[in-house]
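K.L.:
Here's a structure for you.
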Amino acid sequence: MNALLKSDLFRRFISIIILIIIWGLFSHIINDKIILPSPSDVSESIKYHASEDLFGHVYITLSRVFAAFFLAMIIGSAIGIVMGRKKKLDDYFDGWLILALNVPALVTIILCFIWFGLNEVAAILAVAINKIPTVTVILREGTKAIDEKLVDVGKLYNKSRFEILRDILVPQLFPYFISAARSGLALIWKIVLVVELLGRSNGVGFKINEFFSMFDTTSILAYTLVFVLIIMSIEWFLVKPVENKLTDWRL
């Protein structure tokens, strides 16, 4: 029993219960569904929309999130590792990277829709472009922090560049990959909702915009809560266990 009370999972559960209680109290005090519907109102809304099209739109949004996520991780990681290993390239393109980091997401989204049209490719590309610079920075700094003595040992044993990358560089970069993945999920799903709001006819962002036009705060919170819970579940039950497994060698 004491072990349960001290566990991280129990503390998280209690924290969520406290948040729901505070939410319910404020909702009762305000007493206006447009401003802040109660937890029970949102729960009923989730049940209603679940019987309609909620999970269909959630699936579409998740598909866009993961497509943009993997695209950003692959491209950003490759660029980051190269910049971290090649100082001259880092010097040349550091300014480009700083510029890319400071371009507002909204600008990138609008430009992609203008250049490529209101289609799925433009939507996913707009999201990925916003995340690639962040992944690049994280992996570049991680690559710079690599123990060069291990690389030298690999060269001493006539390891090929691919073998050095696979056996020496990538294992040391696992924590940075995980960091980029975590921040990526947190950022990408928010940008996807903006993309859907501006230029798609389905998805969670599209539905939230639809509910906004009707001042339906309850449905907005219902869709948002379901989607956030799914993202949190991915973090807790997929990303975290993978992180623990991949970093066991460091213990």
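FYI, nothing fancy with the structure tokens labels: chains A, B, ... in order, residues from 1 per chain, ligands from 1 as they appear.
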Which residues are close to region 32-43 of chain A, i.e. within 6 Å by only C-alpha atoms, leaving aside same-chain residues fewer than 2 positions away? Reply as a ChimeraX atom specification.
P.N.:
/A:24,27,30,45-46,217-218,222
K.L.:
I'd like the contact shell of region 176-185 of chain A - 10 Å cut-off, only C-alpha atoms, skipping same-chain residues fewer than 3 positions apart - returned as an NGL selection string.
P.N.:
:A and (65-66 or 68-70 or 72-73 or 76-77 or 128 or 130-132 or 134-143 or 170-173 or 188-190 or 231-232 or 234-235 or 239-240 or 242-243 or 246-247)
K.L.:
Mind listing the alpha helix (DSSP H) residues of region 2-75 of chain A, per DSSP on the backbone, as a count of residues only?
P.N.:
62
K.L.:
Set out as a tab-separated table a contact list for region 27-81 of chain A and region 87-97 of chain A with a cut-off of 12 Å, giving each residue of region 27-81 of chain A that qualifies its closest atom pair and distance in Å to one decimal, counting only C-alpha atoms, ordered by chain and rising residue number.
P.N.:
residue	atom	partner	partner_atom	distance
A:Gly76	CA	A:Leu97	CA	10.9
A:Ile79	CA	A:Asp90	CA	9.8
A:Gly80	CA	A:Asp90	CA	9.0
A:Ile81	CA	A:Asp90	CA	10.2
K.L.:
With only C-alpha atoms as the basis for distance, which of A:Ile110, A:Ile75, A:Val82, A:Leu125 is at the shortest distance from Leu165 (chain A)?
P.N.:
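Using only C-alpha atoms, the shortest distance to Leu165 (chain A) belongs to A:Val82.
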K.L.:
Go through A:Leu106, A:Gly117, A:Ser63, A:Tyr223 one by one, measure the shortest atom-to-atom distance of each to Tyr48 (chain A) using only C-alpha atoms, and give the residue with the smallest value.
P.N.:
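Ranked by minimum distance to Tyr48 (chain A), first place goes to A:Tyr223.
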K.L.:
Taking 2 positions as the minimum chain separation for residues in the same chain, which residues sit within 8 Å of Leu197 (chain A) when counting only C-alpha atoms? Answer as a list in words.
P.N.:
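Here the qualifying residues turn out to be Leu193, Val194, Val195, Gly199, Arg200, Gly205, Phe206, Lys207, Ile208 and Asn209 of chain A.
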K.L.:
Using only C-alpha atoms, can you tell me which of A:Leu187, A:Val121, A:Ala78, A:Val204 comes closest to Ala105 (chain A)?
P.N.:
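Of A:Leu187, A:Val121, A:Ala78, A:Val204, the one nearest Ala105 (chain A) is A:Leu187, counting only C-alpha atoms.
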K.L.:
Which is closer to Asn102 (chain A) than all the others in A:Met83, A:Glu148, A:Phe212, A:Pro133, using only C-alpha atoms?
P.N.:
A:Pro133
